[in-house]
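For reference, data09.cif (mmCIF, C-alpha atoms):
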data_data
#
loop_
_atom_site.group_PDB
_atom_site.id
_atom_site.type_symbol
_atom_site.label_atom_id
_atom_site.label_comp_id
_atom_site.auth_asym_id
_atom_site.auth_seq_id
_atom_site.Cartn_x
_atom_site.Cartn_y
_atom_site.Cartn_z
ATOM 1 C CA MET A 1 -43.060 60.449 151.389
ATOM 2 C CA SER A 2 -39.970 62.404 150.467
ATOM 3 C CA ASN A 3 -38.069 64.330 153.108
ATOM 4 C CA SER A 4 -38.614 67.694 151.345
ATOM 5 C CA TYR A 5 -42.351 66.969 151.063
ATOM 6 C CA TYR A 6 -42.528 66.276 154.812
ATOM 7 C CA ASN A 7 -40.431 69.354 155.652
ATOM 8 C CA ASN A 8 -42.680 71.602 153.546
ATOM 9 C CA LYS A 9 -45.763 70.136 155.175
ATOM 10 C CA ALA A 10 -44.241 70.450 158.670
ATOM 11 C CA LYS A 11 -43.413 74.114 157.968
ATOM 12 C CA LYS A 12 -47.022 74.729 156.903
ATOM 13 C CA MET A 13 -48.282 73.007 160.076
ATOM 14 C CA TYR A 14 -45.902 75.099 162.193
ATOM 15 C CA ASN A 15 -47.238 78.299 160.623
ATOM 16 C CA LEU A 16 -50.805 77.226 161.432
ATOM 17 C CA TYR A 17 -49.714 76.401 164.988
ATOM 18 C CA ILE A 18 -48.006 79.741 165.688
ATOM 19 C CA ASN A 19 -51.029 81.585 164.266
ATOM 20 C CA ASN A 20 -53.431 79.409 166.308
ATOM 21 C CA LEU A 21 -55.289 78.306 163.171
ATOM 22 C CA PRO A 22 -56.739 74.855 162.466
ATOM 23 C CA CYS A 23 -55.651 72.686 159.558
ATOM 24 C CA LYS A 24 -58.749 72.255 157.388
ATOM 25 C CA LYS A 25 -59.281 68.799 155.912
ATOM 26 C CA VAL A 26 -62.018 66.942 154.031
ATOM 27 C CA TYR A 27 -62.788 63.217 153.815
ATOM 28 C CA ALA A 28 -65.338 61.198 151.856
ATOM 29 C CA ALA A 29 -67.330 58.044 152.262
ATOM 30 C CA VAL A 30 -67.574 57.082 148.577
ATOM 31 C CA LYS A 31 -70.651 54.953 147.890
ATOM 32 C CA LYS A 32 -70.405 52.708 144.820
ATOM 33 C CA GLY A 33 -73.479 50.530 144.445
ATOM 34 C CA ASP A 34 -74.035 48.774 147.789
ATOM 35 C CA LYS A 35 -70.347 49.137 148.827
ATOM 36 C CA PHE A 36 -68.012 51.929 149.925
ATOM 37 C CA VAL A 37 -64.650 52.640 148.298
ATOM 38 C CA VAL A 38 -61.813 53.179 150.783
ATOM 39 C CA LEU A 39 -58.017 53.246 150.796
ATOM 40 C CA LYS A 40 -56.118 50.201 152.102
ATOM 41 C CA ASP A 41 -53.693 51.218 154.858
ATOM 42 C CA GLU A 42 -50.853 48.700 155.191
ATOM 43 C CA LYS A 43 -49.221 50.413 158.197
ATOM 44 C CA ASN A 44 -52.112 50.476 160.640
ATOM 45 C CA PRO A 45 -53.313 47.048 161.805
ATOM 46 C CA LYS A 46 -56.067 48.500 164.016
ATOM 47 C CA TRP A 47 -57.697 50.604 161.272
ATOM 48 C CA LYS A 48 -56.994 48.816 158.022
ATOM 49 C CA TYR A 49 -58.878 51.309 155.853
ATOM 50 C CA GLN A 50 -58.865 55.074 155.426
ATOM 51 C CA LEU A 51 -61.274 57.509 153.861
ATOM 52 C CA SER A 52 -60.110 59.330 150.776
ATOM 53 C CA GLY A 53 -59.410 62.978 151.459
ATOM 54 C CA GLY A 54 -56.877 65.586 152.383
ATOM 55 C CA GLY A 55 -56.187 69.248 152.908
ATOM 56 C CA VAL A 56 -58.278 72.177 151.734
ATOM 57 C CA GLU A 57 -56.153 74.501 149.617
ATOM 58 C CA ASP A 58 -56.190 78.292 150.002
ATOM 59 C CA GLY A 59 -59.287 79.776 148.369
ATOM 60 C CA GLU A 60 -60.933 76.357 147.922
ATOM 61 C CA ASP A 61 -64.317 75.430 149.416
ATOM 62 C CA ASN A 62 -64.803 72.031 151.067
ATOM 63 C CA VAL A 63 -66.942 70.547 148.269
ATOM 64 C CA SER A 64 -64.366 71.463 145.605
ATOM 65 C CA ALA A 65 -61.593 70.124 147.848
ATOM 66 C CA ILE A 66 -63.229 66.716 148.331
ATOM 67 C CA LYS A 67 -63.906 66.328 144.617
ATOM 68 C CA ARG A 68 -60.249 67.171 143.867
ATOM 69 C CA GLU A 69 -58.937 64.808 146.552
ATOM 70 C CA ILE A 70 -61.086 61.915 145.301
ATOM 71 C CA TYR A 71 -59.825 62.526 141.772
ATOM 72 C CA GLU A 72 -56.178 62.612 142.958
ATOM 73 C CA GLU A 73 -56.493 59.519 145.148
ATOM 74 C CA LEU A 74 -59.159 57.334 143.565
ATOM 75 C CA ASN A 75 -59.289 58.709 139.997
ATOM 76 C CA MET A 76 -63.052 59.077 140.311
ATOM 77 C CA ASN A 77 -65.679 61.667 139.625
ATOM 78 C CA VAL A 78 -68.247 61.742 142.438
ATOM 79 C CA LYS A 79 -71.476 63.478 143.305
ATOM 80 C CA VAL A 80 -71.520 65.008 146.799
ATOM 81 C CA ILE A 81 -74.691 63.845 148.570
ATOM 82 C CA LYS A 82 -74.352 65.560 151.969
ATOM 83 C CA SER A 83 -72.082 66.464 154.840
ATOM 84 C CA LEU A 84 -71.902 63.849 157.589
ATOM 85 C CA GLY A 85 -70.462 66.360 160.016
ATOM 86 C CA ILE A 86 -67.264 67.980 161.188
ATOM 87 C CA ILE A 87 -64.742 66.302 163.458
ATOM 88 C CA ASN A 88 -62.003 68.000 165.432
ATOM 89 C CA TYR A 89 -58.787 66.332 166.494
ATOM 90 C CA VAL A 90 -55.175 67.135 167.344
ATOM 91 C CA ALA A 91 -51.962 65.724 165.848
ATOM 92 C CA THR A 92 -48.370 66.240 166.954
ATOM 93 C CA TRP A 93 -45.839 67.546 164.432
ATOM 94 C CA GLU A 94 -42.160 68.425 164.554
ATOM 95 C CA PHE A 95 -40.420 71.270 162.743
ATOM 96 C CA GLU A 96 -36.828 72.407 163.253
ATOM 97 C CA GLY A 97 -36.552 70.336 166.429
ATOM 98 C CA LYS A 98 -39.754 71.711 167.996
ATOM 99 C CA LYS A 99 -42.734 69.451 168.702
ATOM 100 C CA PHE A 100 -46.154 71.050 168.651
ATOM 101 C CA ASP A 101 -49.826 70.088 168.430
ATOM 102 C CA VAL A 102 -51.901 71.174 165.455
ATOM 103 C CA LYS A 103 -55.690 71.401 165.678
ATOM 104 C CA TYR A 104 -57.546 69.838 162.757
ATOM 105 C CA GLU A 105 -61.050 70.579 161.546
ATOM 106 C CA ALA A 106 -62.274 67.947 159.084
ATOM 107 C CA GLU A 107 -65.584 67.753 157.262
ATOM 108 C CA ILE A 108 -66.716 64.290 156.217
ATOM 109 C CA PHE A 109 -68.946 63.927 153.168
ATOM 110 C CA LEU A 110 -71.141 61.169 151.830
ATOM 111 C CA THR A 111 -70.467 60.979 148.091
ATOM 112 C CA GLU A 112 -71.590 58.732 145.279
ATOM 113 C CA PHE A 113 -69.417 57.253 142.536
ATOM 114 C CA VAL A 114 -70.200 58.624 139.053
ATOM 115 C CA CYS A 115 -67.341 57.303 136.889
ATOM 116 C CA TYR A 116 -63.624 56.629 136.673
ATOM 117 C CA LEU A 117 -61.733 59.413 134.960
ATOM 118 C CA ASN A 118 -58.436 57.966 133.751
ATOM 119 C CA ASN A 119 -58.494 54.249 132.859
ATOM 120 C CA ASN A 120 -59.220 53.061 136.442
ATOM 121 C CA LYS A 121 -55.766 54.157 137.643
ATOM 122 C CA PHE A 122 -55.287 54.447 141.393
ATOM 123 C CA GLY A 123 -53.293 57.307 142.920
ATOM 124 C CA VAL A 124 -53.160 59.660 139.938
ATOM 125 C CA ASP A 125 -49.741 61.282 139.352
ATOM 126 C CA GLY A 126 -47.973 59.222 142.021
ATOM 127 C CA GLU A 127 -50.267 60.347 144.840
ATOM 128 C CA PHE A 128 -49.198 57.386 146.994
ATOM 129 C CA ASP A 129 -45.576 56.882 145.999
ATOM 130 C CA ASN A 130 -43.557 55.933 149.118
ATOM 131 C CA SER A 131 -46.754 55.561 151.150
ATOM 132 C CA ALA A 132 -48.334 52.810 153.238
ATOM 133 C CA ILE A 133 -51.486 53.134 151.112
ATOM 134 C CA SER A 134 -51.458 50.105 148.832
ATOM 135 C CA GLY A 135 -54.681 50.348 146.872
ATOM 136 C CA ILE A 136 -58.405 50.595 147.215
ATOM 137 C CA ALA A 137 -61.034 48.249 148.587
ATOM 138 C CA GLU A 138 -64.791 48.053 148.301
ATOM 139 C CA ILE A 139 -66.343 47.289 151.684
ATOM 140 C CA SER A 140 -69.830 47.001 153.170
ATOM 141 C CA LYS A 141 -71.512 49.642 155.336
ATOM 142 C CA PHE A 142 -70.882 47.450 158.402
ATOM 143 C CA GLU A 143 -67.170 47.113 157.561
ATOM 144 C CA MET A 144 -66.987 50.885 157.031
ATOM 145 C CA LEU A 145 -68.478 51.641 160.444
ATOM 146 C CA GLU A 146 -66.260 49.049 162.186
ATOM 147 C CA ASN A 147 -62.935 49.457 160.359
ATOM 148 C CA VAL A 148 -62.572 53.160 159.495
ATOM 149 C CA SER A 149 -61.407 55.198 162.478
ATOM 150 C CA GLU A 150 -63.387 58.360 161.674
ATOM 151 C CA PHE A 151 -66.660 56.446 161.991
ATOM 152 C CA LYS A 152 -65.830 54.361 165.059
ATOM 153 C CA LYS A 153 -64.039 57.070 167.080
ATOM 154 C CA HIS A 154 -66.471 59.897 166.341
ATOM 155 C CA ASN A 155 -69.783 57.979 166.153
ATOM 156 C CA ILE A 156 -70.522 59.213 162.649
ATOM 157 C CA LEU A 157 -73.459 57.583 160.910
ATOM 158 C CA LEU A 158 -73.875 56.947 157.191
ATOM 159 C CA ASP A 159 -77.636 57.584 157.190
#
Let's see the structure in the file written out as structure tokens.
Amino acid sequence: MSNSYYNNKAKKMYNLYINNLPCKKVYAAVKKGDKFVVLKDEKNPKWKYQLSGGGVEDGEDNVSAIKREIYEELNMNVKVIKSLGIINYVATWEFEGKKFDVKYEAEIFLTEFVCYLNNNKFGVDGEFDNSAISGIAEISKFEMLENVSEFKKHNILLD
């Protein structure tokens, strides 16, 4: 992640913090056949996979946001099946020498793979350049529930 990218993101988080607003995020459990498609996280030995997802842009609804994020990260078109719920958490940021906690509100969706959109490329337009995300994996429902933090920490079910 470039320094200017982080600084811009930290500034946005600081503005949310001073206005006491949550950062809205979306994540997806992407079902493909009898497996789930997840991101491989090389930096986190405890949780070796992550759900695809990211921030909700201004004026964007959560369903549009998750479809966009899955396209940007996995290069897939998906059908949104249902919401699995909303999780709330806090993360610490730093901006201009000040540390602060930002509240997050994240909706998790169950989605279903429809098709690849751009020759099976991963991380469209350099989405994961300079990142610990190294690719995608297809894992079982059991592996998803045991190895993806959102499911284990927040007791989210896939049914």
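Once the PyMOL selection byres ((chain A and resi 154) around 12) is applied to the depicted file, the selected set reads Leu84, Gly85, Ile86, Ile87, Asn88, Tyr89, Ala106, Ile108, Leu145, Glu146, Val148, Ser149, Glu150, Phe151, Lys152, Lys153, Asn155, Ile156 and Leu157 of chain A.
Across the structure, atom CA of A:Glu73 and atom CA of A:Ala91 are spaced 22.1 Å apart.
Across the model, the gap from atom CA of A:Ile133 to atom CA of A:Lys43 is 7.9 Å.
Considering only C-alpha atoms, the residue among A:Tyr71, A:Tyr5, A:Trp93, A:Phe142 positioned nearest to A:Val114 is A:Tyr71.
Using all atoms listed in the file, the shortest contact distance between A:Lys35 and any of A:Ser131, A:Ile18, A:Thr111, A:Asn118 is found at A:Thr111.
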If we count all atoms listed in the file, what is near A:Asn77 at a cut-off of 10 Å, once residues fewer than 4 positions away on the same chain are taken out, given as a list in words?
Lys67, Arg68, Ile70, Tyr71, Thr111, Glu112, Phe113, Val114, Cys115, Tyr116 and Leu117 of chain A
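What the PyMOL selection byres ((chain A and resi 137) around 6) matches in the given file is A:Val37, A:Val38, A:Ile136, A:Glu138.
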Which residues would end up in the selection if the PyMOL selection byres ((chain A and resi 99) around 12) were applied here, given that I need the answer as a PDB file with C-alpha atoms, in the frame of the given file?
ATOM      1  CA  ALA A  10     -44.241  70.450 158.670  1.00  0.00           C
ATOM      2  CA  LYS A  11     -43.413  74.114 157.968  1.00  0.00           C
ATOM      3  CA  MET A  13     -48.282  73.007 160.076  1.00  0.00           C
ATOM      4  CA  TYR A  14     -45.902  75.099 162.193  1.00  0.00           C
ATOM      5  CA  TYR A  17     -49.714  76.401 164.988  1.00  0.00           C
ATOM      6  CA  ILE A  18     -48.006  79.741 165.688  1.00  0.00           C
ATOM      7  CA  ALA A  91     -51.962  65.724 165.848  1.00  0.00           C
ATOM      8  CA  THR A  92     -48.370  66.240 166.954  1.00  0.00           C
ATOM      9  CA  TRP A  93     -45.839  67.546 164.432  1.00  0.00           C
ATOM     10  CA  GLU A  94     -42.160  68.425 164.554  1.00  0.00           C
ATOM     11  CA  PHE A  95     -40.420  71.270 162.743  1.00  0.00           C
ATOM     12  CA  GLU A  96     -36.828  72.407 163.253  1.00  0.00           C
ATOM     13  CA  GLY A  97     -36.552  70.336 166.429  1.00  0.00           C
ATOM     14  CA  LYS A  98     -39.754  71.711 167.996  1.00  0.00           C
ATOM     15  CA  PHE A 100     -46.154  71.050 168.651  1.00  0.00           C
ATOM     16  CA  ASP A 101     -49.826  70.088 168.430  1.00  0.00           C
ATOM     17  CA  VAL A 102     -51.901  71.174 165.455  1.00  0.00           C
TER      18      VAL A 102
END
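Distance-wise, atom CA of A:Lys46 and atom CA of A:Ser83 end up 25.8 Å apart.
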Counting all atoms listed in the file, closest pick from A:Asp58, A:Leu158, A:Met76, A:Ala28 relative to A:Glu107 is A:Ala28
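If all atoms listed in the file are the atoms counted, then among A:Leu51, A:Val26, A:Ile66, A:Leu16 the closest residue to A:Met144 is A:Leu51.
Among A:Ala65, A:Ile139, A:Leu39, A:Ile81, the residue with the shortest atom-to-atom distance to A:Lys24, counting all atoms listed in the file, is A:Ala65.
Distances here use all atoms listed in the file; by that measure, the residue among A:Asn20, A:Gly123, A:Val78, A:Tyr49 closest to A:Val63 is A:Val78.
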